[in-house]
Amino acid sequence: MQSRWVFPQPVDSQLVRQFRRDLTLPPFIAEWLIRRGIHTSEEADSFLNPKLKTLGDPFALPDMALAVERIGAALLRKEKIVLYGDYDVDGVASLALLARFLRAYGGRVECFLPVRADEGYGLSEAGVRRCFEDFSPNLLIAVDCGTNAVAEIAEVRKLGADVIVLDHHETQSARPDCVALVNPKRGKDYHYLCSAGVTFKVCHAILKTTPLADFDLKDYLDLVALATLADLVPLVAENRILVSRGLRQMASTRWPGICALMEVAGVTAPVKAGDVGFRLGPRINAAGRLGTALEALQLLLTDDPVEARRLATSLDLHNRERQTVERGVAVEAEKRVSMDYDVLNMRSIVLGETDWHQGVLGIVASRITKKWHRPTLVIGFTNDGFGKGSGRSIEGFSLVEALGRCSHLLDKFGGHQMAAGLTLRQDAFKEFRSAFEGVSQDMLNDEMLVHRLSLDGELPIGDVDDELLRCLEMLEPFGMENPQPMLVARAVTPATTPVVLKEKHLRLEFASGRRRVNAIFFDGALQELPHPPWDMAFRIERNDFRGRSTPQIYVSAIRSASGGNPLRS
């Protein structure tokens, strides 16, 4: 799939000069901040130096006061509190955070995680039944699930327990019969929070109401950062503050589980957002994808370093197994796309097969979406004809809305604009695939189906140095809605013949005066490069090797300097 290179619009040169004068920033960084909607030196300083003291009032979230009052009563009366979570990083980290917090108040707290294969996602009839058989709660707190579980929460109420929901998923139904539904999507603010962010706000609100001596909530920010980055929610506003501070906390974490996980994953300080997204998060997710997430939860709850090491090693093995399963499903899914789809004339991709492991479908859907730039649903059916699937979307296309238009063919669905899950019967698959394509035809136009490579500025590669890298790192953490800056160098010509690495990557070298500047182009050897000179889109990251730290150029795309079609990495 080809990309359209989108160059940035000019910005106010006077404001650029102001930022350079007040904050001592290079022109490119000043322009980048302005394009992010920052228009005063004070706003720029707040962005570059996020501070916990600027966090807002937790009671601004819907039903927060009701939740705090009911939790306070449960703690006072020593009621049995059960935290019912989800099996992904957000769900597991939220449970660990809330369990540790409530136990610090002396709470009688148990944690429950559903088994993906048997009980499905979130509050389910089977999950609720087992939860009550195991724990018989007086108060059930549903975390990272429950917003639309009207029937399931009604069943919990019949069984004699009150319910509080701490969630961030889109609302699709009437409000369930719960004491409190603390979900930012129901209010005017904080829509960007994941469930761990919501849980952190609940803890903050309880502390404001009932202070706890010698307790520091900042110690828990590494759990919030872990979940926020893994759940791919926007790194804006308070999320940026929580993640920035949480990553620093992770480097000196007090939790043996995080220490052990970092060790087996090869993550060292300073911890970056990419370390969480590509190393730590997948290992926590792996247990829930292939079976039960209980080991992941135990890892984040244990205070025993030896037990933490055992659990982290086990999760690492689960992750290797997950990678093997994922590769197998991905190969089959790619074949299905090639055999069954004229992708350029379709606006969606819906794949389904018996025995595709349901734990890796979201990852496979993400890969196909990235390759073909189409909203993608991947569904795995069991032998009894029941299917569960995961979807990933493209900018401007709400998966939840699209699935809602096809809801008459589904047993269940939920999620976000960019990611969602669904269940359906195999005998409805063909009709659903046709209906979803029809909805996609209605919701997507031709422009939305063209991948856009958004460029943040032009920079001669000779300007890549340690000072520029330092300034770029001030823009971290990078993630959703705060992407790593994509730069472009125009009309460059390699100084030497590109060197092929591992049969698919390229090492490039360019001359800038007397300097030689190296670059890496992942998968570049698999592409047919145009004749130089090139326009080259790239990112810059720190490369630590043998005790030496240098800026490293990572090429994302190359096209002919005459403006020909780009080649994406």
# chains A, B, ... in the order shown; residues from 1 in each chain; ligands from 1
>>> residues_around(residues="Ala419 in chain A", least_positions_apart="6", cutoff="10 Å", atoms="only C-alpha atoms", output="list in words")
Asp231, Leu232, Gly362, Ala365, Ser366, Pro375, Thr376, Leu377, Ser390, Gly391, Arg392, Ser393, Ile394, Ser398, Leu399 and Val400 of chain A
>>> select_by_dssp(residues="range 8-62 of chain A", states="helix (DSSP H, G or I)", output="MDAnalysis selection string")
chainID A and resid 13:23 27:35 41:48 52:54 58:60
>>> closest_atom_pairs(of="range 220-333 of chain A", to="range 535-553 of chain A", cutoff="12 Å", atoms="only C-alpha atoms", output="JSON lines")
{"residue": "A:Thr268", "atom": "CA", "partner": "A:Asp544", "partner_atom": "CA", "distance": 11.1}
{"residue": "A:Ala269", "atom": "CA", "partner": "A:Asp544", "partner_atom": "CA", "distance": 11.6}
{"residue": "A:Pro270", "atom": "CA", "partner": "A:Arg542", "partner_atom": "CA", "distance": 11.2}
{"residue": "A:Lys272", "atom": "CA", "partner": "A:Arg542", "partner_atom": "CA", "distance": 10.7}
{"residue": "A:Gly274", "atom": "CA", "partner": "A:Glu541", "partner_atom": "CA", "distance": 11.0}
>>> residues_around(residues="Met262 in chain A", least_positions_apart="3", cutoff="10 Å", atoms="only C-alpha atoms", output="CSV table (one decimal) with N, CA, C and O atoms, in the first residue's frame")
chain,number,residue,atom,x,y,z
A,250,MET,N,8.9,3.6,37.4
A,250,MET,CA,9.2,2.2,37.0
A,250,MET,C,10.7,1.9,37.1
A,250,MET,O,11.1,0.8,37.4
A,251,ALA,N,11.5,2.9,36.9
A,251,ALA,CA,13.0,2.7,36.9
A,251,ALA,C,13.4,2.5,38.4
A,251,ALA,O,14.5,1.9,38.5
A,256,PRO,N,8.4,-6.0,43.3
A,256,PRO,CA,9.3,-7.1,42.8
A,256,PRO,C,8.8,-7.6,41.4
A,256,PRO,O,9.7,-8.0,40.6
A,257,GLY,N,7.5,-7.7,41.2
A,257,GLY,CA,7.0,-8.2,39.9
A,257,GLY,C,7.5,-7.4,38.7
A,257,GLY,O,7.9,-7.9,37.7
A,258,ILE,N,7.5,-6.1,38.8
A,258,ILE,CA,7.9,-5.2,37.7
A,258,ILE,C,9.4,-5.3,37.6
A,258,ILE,O,9.9,-5.3,36.5
A,259,CYS,N,10.1,-5.4,38.7
A,259,CYS,CA,11.6,-5.6,38.6
A,259,CYS,C,11.9,-6.9,37.9
A,259,CYS,O,12.8,-6.8,37.0
A,265,ALA,N,12.8,-9.2,30.4
A,265,ALA,CA,12.5,-8.5,29.1
A,265,ALA,C,13.7,-7.7,28.6
A,265,ALA,O,13.6,-7.2,27.5
A,266,GLY,N,14.7,-7.6,29.4
A,266,GLY,CA,15.9,-6.9,29.0
A,266,GLY,C,15.7,-5.4,29.0
A,266,GLY,O,16.3,-4.6,28.2
A,267,VAL,N,14.8,-4.9,29.9
A,267,VAL,CA,14.5,-3.4,30.0
A,267,VAL,C,15.3,-2.8,31.1
A,267,VAL,O,15.3,-3.3,32.2
A,268,THR,N,16.0,-1.7,30.8
A,268,THR,CA,16.8,-1.0,31.8
A,268,THR,C,16.4,0.4,31.8
A,268,THR,O,15.8,0.9,30.9
A,269,ALA,N,16.8,1.1,32.9
A,269,ALA,CA,16.5,2.5,33.0
A,269,ALA,C,17.4,3.4,32.1
A,269,ALA,O,18.5,3.0,31.8
A,271,VAL,N,13.3,3.9,31.5
A,271,VAL,CA,12.3,3.1,30.8
A,271,VAL,C,11.6,4.0,29.8
A,271,VAL,O,11.1,5.1,30.2
A,275,ASP,N,9.4,0.5,25.5
A,275,ASP,CA,9.8,-0.7,26.3
A,275,ASP,C,8.5,-1.3,26.9
A,275,ASP,O,8.4,-2.6,27.0
A,276,VAL,N,7.5,-0.5,27.3
A,276,VAL,CA,6.3,-1.0,27.8
A,276,VAL,C,5.4,-1.6,26.6
A,276,VAL,O,4.9,-2.7,26.7
A,279,ARG,N,7.8,-4.7,25.0
A,279,ARG,CA,8.5,-5.7,25.8
A,279,ARG,C,7.7,-6.1,27.1
A,279,ARG,O,7.5,-7.3,27.3
A,280,LEU,N,7.3,-5.2,27.9
A,280,LEU,CA,6.6,-5.5,29.1
A,280,LEU,C,5.2,-5.9,28.9
A,280,LEU,O,4.7,-6.9,29.4
A,312,ALA,N,7.7,-14.1,36.3
A,312,ALA,CA,8.2,-13.4,35.2
A,312,ALA,C,8.7,-14.3,34.1
A,312,ALA,O,8.5,-14.2,32.9
>>> closest_residue(among="A:Pro530, A:Ala154, A:Ala428, A:Leu487", to="Ser454 in chain A", atoms="only C-alpha atoms")
A:Leu487
